[in-house]
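Peer 1: See entry_3.cif below, with mmCIF, C-alpha atoms.
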```cif
data_entry
#
loop_
_atom_site.label_atom_id
_atom_site.label_comp_id
_atom_site.auth_asym_id
_atom_site.auth_seq_id
_atom_site.Cartn_x
_atom_site.Cartn_y
_atom_site.Cartn_z
CA MET A 8 -0.77 107.05 22.21
CA ALA A 9 -0.13 107.16 25.92
CA ALA A 10 -3.20 107.85 28.00
CA SER A 11 -2.86 110.45 30.69
CA GLU A 12 -3.72 110.01 34.35
CA ALA A 13 -6.68 112.37 33.97
CA GLU A 14 -8.12 110.55 30.95
CA LEU A 15 -7.68 107.10 32.44
CA ARG A 16 -9.12 108.16 35.75
CA GLU A 17 -12.20 109.57 34.09
CA LEU A 18 -12.72 106.32 32.18
CA MET A 19 -12.20 104.30 35.36
CA LEU A 20 -14.77 106.38 37.25
CA ALA A 21 -17.27 105.99 34.42
CA GLY A 22 -16.67 102.23 34.49
CA LEU A 23 -17.21 102.14 38.24
CA ASN A 24 -20.56 103.81 37.62
CA GLY A 25 -21.52 101.01 35.25
CA GLY A 26 -20.42 102.48 31.93
CA SER A 27 -19.54 99.49 29.73
CA ALA A 28 -18.18 101.51 26.80
CA ALA A 29 -15.92 103.59 29.03
CA HIS A 30 -14.76 100.49 30.85
CA ARG A 31 -13.83 98.87 27.55
CA ILE A 32 -11.71 101.83 26.46
CA PHE A 33 -10.17 101.92 29.92
CA LEU A 34 -9.14 98.25 29.76
CA GLU A 35 -7.77 98.68 26.23
CA GLN A 36 -5.63 101.64 27.27
CA VAL A 37 -4.47 99.89 30.40
CA SER A 38 -3.60 96.72 28.48
CA ARG A 39 -1.21 98.76 26.31
CA LEU A 40 0.49 100.21 29.34
CA LEU A 41 0.73 96.80 30.97
CA ARG A 42 2.15 95.22 27.82
CA GLY A 43 4.92 97.82 27.62
CA TYR A 44 5.74 97.37 31.29
CA TYR A 45 5.76 93.57 31.33
CA LYS A 46 7.69 93.22 28.06
CA ARG A 47 10.47 95.40 29.33
CA ARG A 48 10.58 93.75 32.72
CA LEU A 49 10.43 90.20 31.35
CA SER A 50 12.94 90.68 28.55
CA SER A 51 15.55 91.45 31.19
CA ASN A 52 14.68 88.05 32.67
CA GLY A 53 14.91 86.23 29.33
CA LYS A 54 11.17 85.77 28.77
CA GLY A 55 9.18 86.55 25.66
CA ALA A 56 6.05 88.26 24.42
CA SER A 57 3.75 85.34 25.17
CA GLU A 58 4.64 85.33 28.88
CA ALA A 59 4.15 89.08 28.89
CA GLU A 60 0.69 88.60 27.43
CA ASP A 61 -0.15 86.03 30.16
CA LEU A 62 0.72 88.67 32.71
CA VAL A 63 -1.20 91.41 30.90
CA GLN A 64 -4.32 89.26 31.08
CA GLU A 65 -3.80 88.22 34.66
CA ALA A 66 -3.36 91.86 35.64
CA LEU A 67 -6.45 92.91 33.66
CA MET A 68 -8.50 90.28 35.48
CA ALA A 69 -7.15 91.55 38.79
CA ILE A 70 -7.85 95.17 37.91
CA HIS A 71 -11.38 94.31 36.87
CA THR A 72 -12.33 92.02 39.75
CA ARG A 73 -10.71 94.27 42.37
CA ARG A 74 -11.70 97.66 41.07
CA HIS A 75 -13.74 98.24 44.25
CA THR A 76 -10.40 98.74 46.03
CA TYR A 77 -9.71 101.93 44.08
CA ASP A 78 -10.35 104.98 46.24
CA ARG A 79 -12.13 107.46 43.97
CA ASP A 80 -10.50 110.41 45.71
CA GLN A 81 -6.97 109.20 45.00
CA PRO A 82 -4.89 109.33 41.80
CA LEU A 83 -5.32 106.24 39.62
CA MET A 84 -1.79 105.53 38.38
CA PRO A 85 -0.32 104.47 41.73
CA TRP A 86 -3.24 102.03 42.15
CA LEU A 87 -2.71 100.57 38.67
CA TYR A 88 1.01 100.40 39.07
CA ALA A 89 0.80 98.72 42.46
CA ILE A 90 -1.38 95.95 41.00
CA ALA A 91 0.82 95.60 37.89
CA ARG A 92 3.92 95.32 40.00
CA TYR A 93 2.32 92.92 42.48
CA LYS A 94 1.35 90.58 39.63
CA LEU A 95 4.87 90.77 38.18
CA VAL A 96 6.52 89.97 41.50
CA ASP A 97 4.10 87.09 42.04
CA TYR A 98 4.80 85.74 38.56
CA LEU A 99 8.58 85.98 38.88
CA ARG A 100 8.48 84.34 42.27
CA LYS A 101 6.56 81.43 40.82
CA ALA A 102 8.97 81.14 37.87
CA ALA A 103 12.20 81.47 39.81
CA PRO A 104 12.36 82.88 43.32
CA SER A 105 15.67 84.67 42.66
CA PHE A 106 14.00 86.92 40.07
CA ALA A 107 11.62 88.43 42.55
CA ASN A 108 13.64 91.58 43.15
CA VAL A 109 11.62 94.08 41.18
CA PRO A 110 12.74 97.66 41.70
CA LEU A 111 10.16 100.18 42.87
CA GLU A 112 9.84 102.82 40.21
CA ASP A 113 7.86 105.91 39.55
CA ALA A 114 4.47 104.80 38.23
CA ALA A 115 4.41 107.27 35.34
CA ALA A 116 7.89 106.32 34.16
CA VAL A 117 7.13 102.61 34.23
CA LEU A 118 3.93 102.64 32.26
CA ALA A 119 4.91 103.23 28.63
CA PRO A 120 2.43 101.80 26.14
CA ASP A 121 2.91 98.93 23.67
CA ASP A 122 0.22 98.35 21.05
CA GLN A 123 0.96 94.85 19.80
CA SER A 124 -2.08 92.91 20.94
CA SER A 125 -1.93 90.10 18.36
CA VAL A 126 0.05 87.81 20.64
CA GLU A 127 -2.04 85.14 22.36
CA SER A 128 -1.63 84.20 25.97
CA ALA A 129 -1.39 80.60 27.11
CA TYR A 130 -4.81 80.86 28.74
CA ASP A 131 -7.72 79.15 27.09
CA LEU A 132 -10.92 80.89 28.13
CA ARG A 133 -13.20 77.99 27.19
CA ARG A 134 -11.13 75.54 29.17
CA LEU A 135 -10.92 77.87 32.17
CA LEU A 136 -14.69 78.36 32.03
CA ALA A 137 -15.27 74.63 31.86
CA GLN A 138 -13.64 74.25 35.27
CA LEU A 139 -16.09 76.61 36.94
CA PRO A 140 -19.15 75.40 38.83
CA GLU A 141 -22.16 75.08 36.51
CA LYS A 142 -24.03 78.16 37.77
CA MET A 143 -21.07 80.50 37.53
CA ARG A 144 -20.16 79.23 34.08
CA ARG A 145 -23.69 79.67 32.74
CA ALA A 146 -24.05 83.14 34.25
CA ILE A 147 -20.78 84.28 32.68
CA GLU A 148 -21.62 82.76 29.32
CA CYS A 149 -25.00 84.48 29.21
CA VAL A 150 -24.08 87.90 30.60
CA LYS A 151 -20.43 88.39 29.69
CA LEU A 152 -20.03 86.39 26.47
CA GLU A 153 -23.43 86.47 24.79
CA GLY A 154 -24.20 89.89 26.18
CA LEU A 155 -27.69 89.09 27.47
CA SER A 156 -29.09 91.48 30.05
CA VAL A 157 -29.21 90.25 33.63
CA ALA A 158 -32.99 89.89 33.37
CA GLU A 159 -32.75 87.79 30.21
CA ALA A 160 -30.00 85.67 31.68
CA ALA A 161 -32.06 85.10 34.81
CA LYS A 162 -34.92 83.78 32.72
CA ARG A 163 -32.68 81.59 30.60
CA CYS A 164 -30.81 80.06 33.55
CA GLY A 165 -33.76 79.80 35.90
CA MET A 166 -32.06 81.92 38.56
CA SER A 167 -33.06 85.17 40.19
CA GLU A 168 -31.44 88.35 38.88
CA ALA A 169 -29.52 88.72 42.12
CA ALA A 170 -28.24 85.15 41.76
CA VAL A 171 -27.08 85.87 38.20
CA LYS A 172 -25.14 88.92 39.39
CA VAL A 173 -23.57 87.04 42.28
CA ASN A 174 -22.59 84.15 40.01
CA VAL A 175 -21.03 86.44 37.42
CA HIS A 176 -19.09 88.19 40.16
CA ARG A 177 -17.89 85.00 41.85
CA GLY A 178 -17.22 83.35 38.52
CA LEU A 179 -14.88 86.15 37.41
CA ARG A 180 -13.05 85.96 40.71
CA ALA A 181 -12.70 82.21 40.31
CA LEU A 182 -11.41 82.68 36.76
CA ALA A 183 -8.86 85.19 37.99
CA SER A 184 -7.58 82.82 40.65
CA SER A 185 -7.44 79.84 38.29
CA MET A 186 -5.37 81.95 35.90
CA GLN A 187 -3.03 82.72 38.74
CA ARG A 188 -2.81 79.07 39.84
CA ARG A 189 -2.25 77.86 36.30
CA GLY A 190 0.99 79.80 36.01
CA GLU A 191 2.11 78.21 39.25
CA HIS A 192 1.42 74.71 38.02
CA GLU A 193 3.29 75.20 34.79
CA ASP A 194 6.40 76.68 36.25
CA GLY A 195 6.67 74.26 39.13
CA MET B 1 -6.73 83.68 24.34
CA LYS B 2 -6.28 87.12 22.83
CA THR B 3 -6.32 90.05 25.18
CA ASP B 4 -8.98 91.75 23.06
CA ASN B 5 -11.33 88.83 23.71
CA LEU B 6 -10.73 89.08 27.43
CA ILE B 7 -11.39 92.82 27.37
CA ALA B 8 -14.58 92.26 25.38
CA MET B 9 -15.80 89.80 28.00
CA LEU B 10 -14.89 91.99 30.97
CA SER B 11 -16.51 95.09 29.50
CA THR B 12 -19.82 93.46 28.56
CA ASN B 13 -22.65 94.44 30.91
CA VAL B 14 -20.40 96.17 33.42
CA GLU B 15 -21.86 96.37 36.92
CA ARG B 16 -21.88 99.51 39.03
CA VAL B 17 -19.47 99.38 41.97
CA ASP B 18 -20.69 100.81 45.27
CA ARG B 19 -18.49 103.23 47.17
CA GLY B 20 -16.99 102.26 50.49
CA GLN B 21 -16.94 98.49 49.95
CA VAL B 22 -13.46 98.20 51.42
CA GLU B 23 -14.41 99.95 54.65
CA ARG B 24 -17.73 98.12 54.95
CA THR B 25 -16.29 94.66 54.37
CA ILE B 26 -13.38 95.13 56.75
CA SER B 27 -15.39 96.76 59.51
CA GLY B 28 -18.04 94.05 59.12
CA ALA B 29 -15.39 91.38 59.64
CA ILE B 30 -13.99 93.26 62.63
CA GLY B 31 -17.47 93.64 64.14
CA THR B 32 -18.28 89.96 63.73
CA GLY B 33 -14.85 88.95 65.00
CA SER B 34 -15.26 91.18 68.06
CA ALA B 35 -18.67 89.69 68.84
CA ILE B 36 -17.28 86.15 68.66
CA ALA B 37 -14.24 87.06 70.76
CA PHE B 38 -16.46 88.75 73.35
CA VAL B 39 -18.85 85.79 73.60
CA ALA B 40 -15.91 83.35 73.82
CA MET B 41 -14.47 85.41 76.64
CA LEU B 42 -17.83 85.51 78.48
CA VAL B 43 -18.30 81.75 78.16
CA VAL B 44 -14.76 80.79 79.14
CA PHE B 45 -13.97 83.38 81.82
CA GLY B 46 -16.88 85.66 82.65
CA VAL B 47 -16.57 89.35 83.46
CA ARG B 48 -14.62 90.53 86.51
CA ARG B 49 -16.86 91.08 89.54
CA ASP B 50 -15.35 94.20 91.08
CA PHE B 51 -16.77 96.81 88.72
CA GLY B 52 -18.11 98.72 91.69
CA ASP B 53 -14.66 99.32 93.13
CA ARG B 54 -13.47 102.72 92.02
CA TYR B 55 -9.83 101.75 91.48
CA ALA B 56 -10.75 98.60 89.64
CA PHE B 57 -12.99 100.66 87.41
CA ILE B 58 -10.27 103.20 86.63
CA PHE B 59 -7.75 100.50 85.77
CA LEU B 60 -10.28 98.65 83.63
CA ALA B 61 -10.97 101.89 81.76
CA LEU B 62 -7.23 102.44 81.24
CA LYS B 63 -6.80 98.96 79.82
CA LEU B 64 -9.76 99.44 77.51
CA VAL B 65 -8.47 102.81 76.28
CA PHE B 66 -5.20 101.08 75.44
CA THR B 67 -6.67 98.04 73.65
CA VAL B 68 -9.44 99.91 71.85
CA GLY B 69 -6.89 102.56 70.86
CA VAL B 70 -4.76 99.83 69.27
CA VAL B 71 -7.81 98.39 67.46
CA ALA B 72 -8.72 101.80 66.05
CA ALA B 73 -5.23 102.87 64.98
CA SER B 74 -4.33 99.54 63.41
CA THR B 75 -7.68 99.26 61.62
CA LEU B 76 -7.01 102.57 59.89
CA TYR B 77 -3.73 101.23 58.65
CA LEU B 78 -5.18 97.85 57.67
CA VAL B 79 -7.71 99.57 55.40
CA ARG B 80 -4.84 101.37 53.69
CA LEU B 81 -2.93 98.16 53.24
CA ALA B 82 -5.97 96.54 51.63
CA ARG B 83 -5.88 99.14 48.86
CA PRO B 84 -3.02 99.09 46.34
CA GLY B 85 -0.99 102.24 45.96
CA THR B 86 -2.06 103.99 49.16
CA GLU B 87 0.14 102.09 51.62
CA LYS B 88 2.91 104.62 51.65
CA THR B 89 0.82 107.75 51.93
CA ARG B 90 0.78 107.80 55.70
CA ALA B 91 3.20 106.14 58.04
CA MET B 92 2.37 103.47 60.56
CA HIS B 93 3.54 105.58 63.49
CA LEU B 94 -0.04 106.09 64.60
CA ALA B 95 -0.41 102.38 65.33
CA THR B 96 2.64 102.34 67.59
CA PHE B 97 1.43 105.34 69.61
CA PRO B 98 -0.73 103.40 72.13
CA PHE B 99 2.14 100.97 72.76
CA ILE B 100 4.62 103.76 73.40
CA VAL B 101 2.26 105.49 75.83
CA MET B 102 1.60 102.22 77.65
CA VAL B 103 5.31 101.37 77.93
CA LEU B 104 6.10 104.87 79.25
CA LEU B 105 3.32 104.63 81.83
CA ALA B 106 4.54 101.18 82.85
CA ALA B 107 8.13 102.39 83.16
CA ALA B 108 6.99 105.35 85.24
CA SER B 109 4.98 103.18 87.59
CA LEU B 110 7.92 100.78 88.01
CA GLY B 111 10.19 103.73 88.66
CA LEU B 112 7.93 104.98 91.44
CA ALA B 113 7.62 101.59 93.11
CA PRO B 114 10.19 99.86 95.33
CA THR B 115 12.20 97.17 93.50
CA ALA B 116 10.75 94.49 95.76
CA HIS B 117 7.33 95.00 94.15
CA TRP B 118 8.54 94.75 90.57
CA LYS B 119 8.11 91.02 90.25
CA ARG B 120 4.49 91.21 91.35
CA MET B 121 3.80 94.23 89.13
CA LEU B 122 5.21 92.44 86.09
CA LEU B 123 3.84 88.94 86.60
CA GLY B 124 0.55 89.61 88.43
CA ASP B 125 -1.54 86.53 89.27
CA GLN B 126 -2.47 85.40 85.79
CA TRP B 127 0.33 86.10 83.35
CA LEU B 128 0.13 82.59 81.95
CA GLU B 129 -3.63 82.73 81.46
CA CYS B 130 -3.23 86.08 79.71
CA LEU B 131 -0.42 84.78 77.52
CA VAL B 132 -2.49 81.80 76.38
CA SER B 133 -5.97 83.34 76.15
CA ILE B 134 -5.32 86.47 74.12
CA PRO B 135 -3.71 84.69 71.14
CA LEU B 136 -6.27 81.86 71.30
CA ILE B 137 -9.30 84.16 71.34
CA ALA B 138 -7.65 86.20 68.56
CA ILE B 139 -7.98 83.30 66.11
CA ALA B 140 -11.66 84.01 65.36
CA PRO B 141 -11.28 87.73 64.55
CA PHE B 142 -8.07 86.95 62.65
CA ALA B 143 -9.89 84.48 60.41
CA GLY B 144 -12.63 87.00 59.71
CA ILE B 145 -10.19 89.80 58.93
CA VAL B 146 -8.14 87.57 56.62
CA TRP B 147 -11.34 86.62 54.81
CA ALA B 148 -12.16 90.31 54.31
CA VAL B 149 -8.68 91.44 53.30
CA ARG B 150 -8.42 88.62 50.74
CA ARG B 151 -11.36 90.24 48.98
CA MET B 152 -9.34 93.43 48.62
CA ALA B 153 -5.99 93.80 46.91
CA PRO B 154 -3.16 93.97 49.47
CA THR B 155 0.21 94.24 47.75
CA ASP B 156 2.41 94.06 50.84
CA LEU B 157 1.25 90.72 52.21
CA THR B 158 3.64 90.54 55.14
CA ARG B 159 2.59 93.91 56.46
CA ALA B 160 -1.10 93.31 55.75
CA GLY B 161 -0.84 90.02 57.66
CA MET B 162 0.95 91.78 60.50
CA PHE B 163 -1.78 94.38 60.83
CA ALA B 164 -4.48 91.73 60.58
CA GLY B 165 -2.70 90.10 63.54
CA ILE B 166 -2.51 93.36 65.51
CA VAL B 167 -6.21 94.13 65.00
CA ALA B 168 -7.20 90.57 65.95
CA GLY B 169 -4.88 90.52 68.96
CA SER B 170 -6.11 93.86 70.28
CA ILE B 171 -9.77 92.85 69.82
CA SER B 172 -9.03 89.73 71.82
CA ALA B 173 -7.15 91.77 74.46
CA THR B 174 -10.17 94.08 74.74
CA GLY B 175 -12.38 91.11 75.55
CA TYR B 176 -9.85 89.66 77.96
CA ALA B 177 -9.49 93.01 79.76
CA LEU B 178 -13.11 92.72 80.90
CA HIS B 179 -12.19 89.57 82.79
CA CYS B 180 -8.61 90.14 83.92
CA THR B 181 -8.06 91.47 87.46
CA ASP B 182 -4.33 92.12 87.12
CA ASP B 183 -4.32 95.89 87.06
CA PHE B 184 -0.66 96.86 87.30
CA LEU B 185 0.39 98.90 84.28
CA PRO B 186 3.68 96.98 83.82
CA PHE B 187 1.62 93.78 83.64
CA VAL B 188 -0.64 95.29 80.99
CA ALA B 189 2.30 96.64 78.97
CA LEU B 190 4.16 93.34 79.12
CA TRP B 191 1.42 90.75 78.69
CA TYR B 192 -1.20 92.66 76.71
CA GLY B 193 1.37 94.48 74.60
CA GLY B 194 3.45 91.31 74.30
CA THR B 195 0.60 89.06 73.20
CA ILE B 196 -0.58 91.62 70.65
CA ALA B 197 3.00 91.77 69.33
CA LEU B 198 2.98 87.97 69.18
CA CYS B 199 -0.22 88.07 67.10
CA ALA B 200 1.48 90.63 64.84
CA LEU B 201 4.41 88.29 64.35
CA VAL B 202 2.23 85.28 63.55
CA GLY B 203 0.13 87.43 61.18
CA ALA B 204 3.25 88.65 59.39
CA ARG B 205 4.42 85.05 58.93
CA LEU B 206 1.06 83.83 57.66
CA GLY B 207 0.26 86.89 55.51
CA PRO B 208 2.13 85.92 52.32
CA ARG B 209 0.47 82.49 52.33
CA LEU B 210 -3.07 83.44 53.40
CA LEU B 211 -3.51 86.72 51.57
CA ARG B 212 -2.10 85.90 48.16
CA TRP B 213 -4.26 86.67 45.13
#
```
Here is the file; what I need is its structure written in the form of structure tokens.
Peer 2:
Amino acid sequence: MAASEAELRELMLAGLNGGSAAHRIFLEQVSRLLRGYYKRRLSSNGKGASEAEDLVQEALMAIHTRRHTYDRDQPLMPWLYAIARYKLVDYLRKAAPSFANVPLEDAAAVLAPDDQSSVESAYDLRRLLAQLPEKMRRAIECVKLEGLSVAEAAKRCGMSEAAVKVNVHRGLRALASSMQRRGEHEDG
Amino acid sequence: MKTDNLIAMLSTNVERVDRGQVERTISGAIGTGSAIAFVAMLVVFGVRRDFGDRYAFIFLALKLVFTVGVVAASTLYLVRLARPGTEKTRAMHLATFPFIVMVLLAAASLGLAPTAHWKRMLLGDQWLECLVSIPLIAIAPFAGIVWAVRRMAPTDLTRAGMFAGIVAGSISATGYALHCTDDFLPFVALWYGGTIALCALVGARLGPRLLRW
């Protein structure tokens, strides 16, 4: 089912206010839209579902780590679409510079959902995490993978709560950029 | 990795996001960059000595209105460029307004003056110093602004780089104006406007490389 602007925006706002459950539904809905968009765009460039899934995940990382750039008074779809399109252009440019002409389209028309989430991307989370500095890796493992509270994670890692938060934040950003760089490496 | 696993990770213990981070980060970088540019200008050149002179004061004020006007207008646009999806909502005409006014004033003052004075009005005493100093002092604010904009999500990297260059160049020109004693409007239009345009050009070239995310 396609999520509407109003629904998605409400979920996004709840996520910005720290609502984990709402943020999860938001990311799930967005991933369907992204999958539909990237599959259609990539199939016209002779690429398959696995590449599309790489892009879905890269875009999700970008949307999550840069959600502070969403202006809460503006409609959400243009923000989402601008990020989705930016990641596509970046990807195509890495793969083959001549593919980088992506037409500007109406955000609503572009984002049609696709539910097939069984495809795996080429990214290996464990391996990506292993490349992070020790503190960031531990903070992410505790807070984002094991689901410990920040206070518990602080005790476990011997860091202050503020340090845990900063390391989670920086760690996610570092993950996002190593996902982006990885694609570059692979495709030359 | 399955996308569901990624989503599970991202949505575990979600942090609250404060409002206004974009504005705060960018204006913080601009503030720090301005302070560095101002101190650099003080150390290298010092402030002009003829503040007391009424004409000097008026011309200094005019120059500052121009450069600060460019800083303000281009900062507004830079903040828009740092946010995806809002770039096209308002045009960049506002940022060109101070330049147009300055060029018109310069043209008018050339028109009123005898041709024999034109060379002096355009080149002043220190055109070379102006041409070199403004871009050089702009490096510090430019670095700070790039650092801040990289934390956002610019999707038009050339244009974001260009506006980062304009803001940095006009901050630098503001500092330089406090020192510079060439007060002819054609000089200001040519060498202040020109060096800011040069910073815009360099910023536009560097944008796609420096701002990528």
Peer 1: Kindly assemble as CSV a list of the chain B residues that lie within 9 Å of chain A, each paired with its nearest atom pair and their distance in Å to one decimal, using only C-alpha atoms, sorted first by chain and then by ascending residue number.
Peer 2:
```
residue,atom,partner,partner_atom,distance
B:Met1,CA,A:Glu127,CA,5.3
B:Lys2,CA,A:Glu127,CA,4.7
B:Thr3,CA,A:Gln64,CA,6.3
B:Asp4,CA,A:Ser124,CA,7.3
B:Leu6,CA,A:Gln64,CA,7.4
B:Ile7,CA,A:Leu34,CA,6.3
B:Ala8,CA,A:Arg31,CA,7.0
B:Met9,CA,A:Lys151,CA,5.1
B:Leu10,CA,A:Lys151,CA,6.7
B:Ser11,CA,A:Arg31,CA,5.0
B:Thr12,CA,A:Lys151,CA,5.2
B:Asn13,CA,A:Ser27,CA,6.0
B:Val14,CA,A:Ser27,CA,5.0
B:Glu15,CA,A:Gly25,CA,4.9
B:Arg16,CA,A:Gly25,CA,4.1
B:Val17,CA,A:Leu23,CA,5.2
B:Asp18,CA,A:His75,CA,7.5
B:Arg19,CA,A:His75,CA,7.5
B:Gly20,CA,A:His75,CA,8.1
B:Gln21,CA,A:His75,CA,6.5
B:Val22,CA,A:Thr76,CA,6.2
B:Ala82,CA,A:Thr76,CA,7.5
B:Arg83,CA,A:Thr76,CA,5.3
B:Pro84,CA,A:Trp86,CA,5.1
B:Gly85,CA,A:Trp86,CA,4.4
B:Thr86,CA,A:Trp86,CA,7.4
B:Arg151,CA,A:Arg73,CA,7.8
B:Met152,CA,A:Thr76,CA,6.0
B:Ala153,CA,A:Arg73,CA,6.6
B:Pro154,CA,A:Ile90,CA,8.9
B:Thr155,CA,A:Tyr93,CA,5.8
B:Asp156,CA,A:Tyr93,CA,8.4
B:Arg212,CA,A:Asp97,CA,8.8
B:Trp213,CA,A:Ser184,CA,6.8
```
Peer 1: The PyMOL selection byres ((chain B and resi 64) around 10) - which residues does that actually catch in the file I just gave you? List them as a list in words.
Peer 2: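 Output from the PyMOL selection byres ((chain B and resi 64) around 10), applied to this file: Ile58, Phe59, Leu60, Ala61, Leu62, Lys63, Val65, Phe66, Thr67, Val68, Gly69, Val70, Ser170, Ala173, Thr174, Gly175, Tyr176, Ala177 and Leu178 of chain B.
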Peer 1: Selected by the PyMOL selection byres ((chain B and resi 131-147) around 7) in the shown coordinates: which residues, as a ChimeraX atom specification?
Peer 2: /B:26,29-30,33-34,36-37,127-130,148-151,164-165,168-169,172-173,176,191,195,199,211
Peer 1: Would you give the centre and edge lengths, in Å to one decimal, of a box along x, y and z around the listed atoms of stretch 182-200 of chain B, with 4 Å added to each side, as lines of an AutoDock Vina configuration file?
Peer 2:
```
center_x = -0.1
center_y = 93.4
center_z = 76.1
size_x = 16.5
size_y = 18.9
size_z = 30.5
```
Peer 1: What is the atom CA of A:Arg189 to atom CA of A:Gln123 distance in Å?
Peer 2: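 Rounded to one decimal, the two atoms are 23.9 Å apart.
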Peer 1: Determine the residue set returned by the PyMOL selection byres ((chain A and resi 41) around 9) for the present structure, and present it as JSON, numbers by chain.
Peer 2: {"A": [36, 37, 38, 39, 40, 42, 43, 44, 45, 46, 59, 60, 62, 63, 66, 67, 88, 91, 118, 119, 120, 121]}
Peer 1: Could you work out how far atom CA of A:Glu141 lies from atom CA of A:Ala158, giving the answer in Å with one decimal?
Peer 2: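 One can read the atom CA of A:Ala158 to atom CA of A:Glu141 distance as 18.6 Å.
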Peer 1: Quick one: pull the distance between atom CA of A:Ala169 and atom CA of A:Met19, Å, one decimal.
Peer 2: 24.3 Å
Peer 1: Need the shell around B:Asp182: protein/DNA/RNA residues with any atom at most 9 Å away, counting all atoms listed in the file. Skip same-chain ones fewer than 3 positions apart. Format as a PDB file with C-alpha atoms, in the frame of the given file?
Peer 2:
```pdb
ATOM      1  CA  MET B 121       3.800  94.230  89.130  1.00  0.00           C
ATOM      2  CA  LEU B 123       3.840  88.940  86.600  1.00  0.00           C
ATOM      3  CA  GLY B 124       0.550  89.610  88.430  1.00  0.00           C
ATOM      4  CA  ASP B 125      -1.540  86.530  89.270  1.00  0.00           C
ATOM      5  CA  GLN B 126      -2.470  85.400  85.790  1.00  0.00           C
ATOM      6  CA  TRP B 127       0.330  86.100  83.350  1.00  0.00           C
ATOM      7  CA  LEU B 185       0.390  98.900  84.280  1.00  0.00           C
ATOM      8  CA  PHE B 187       1.620  93.780  83.640  1.00  0.00           C
ATOM      9  CA  VAL B 188      -0.640  95.290  80.990  1.00  0.00           C
TER      10      VAL B 188
END
```
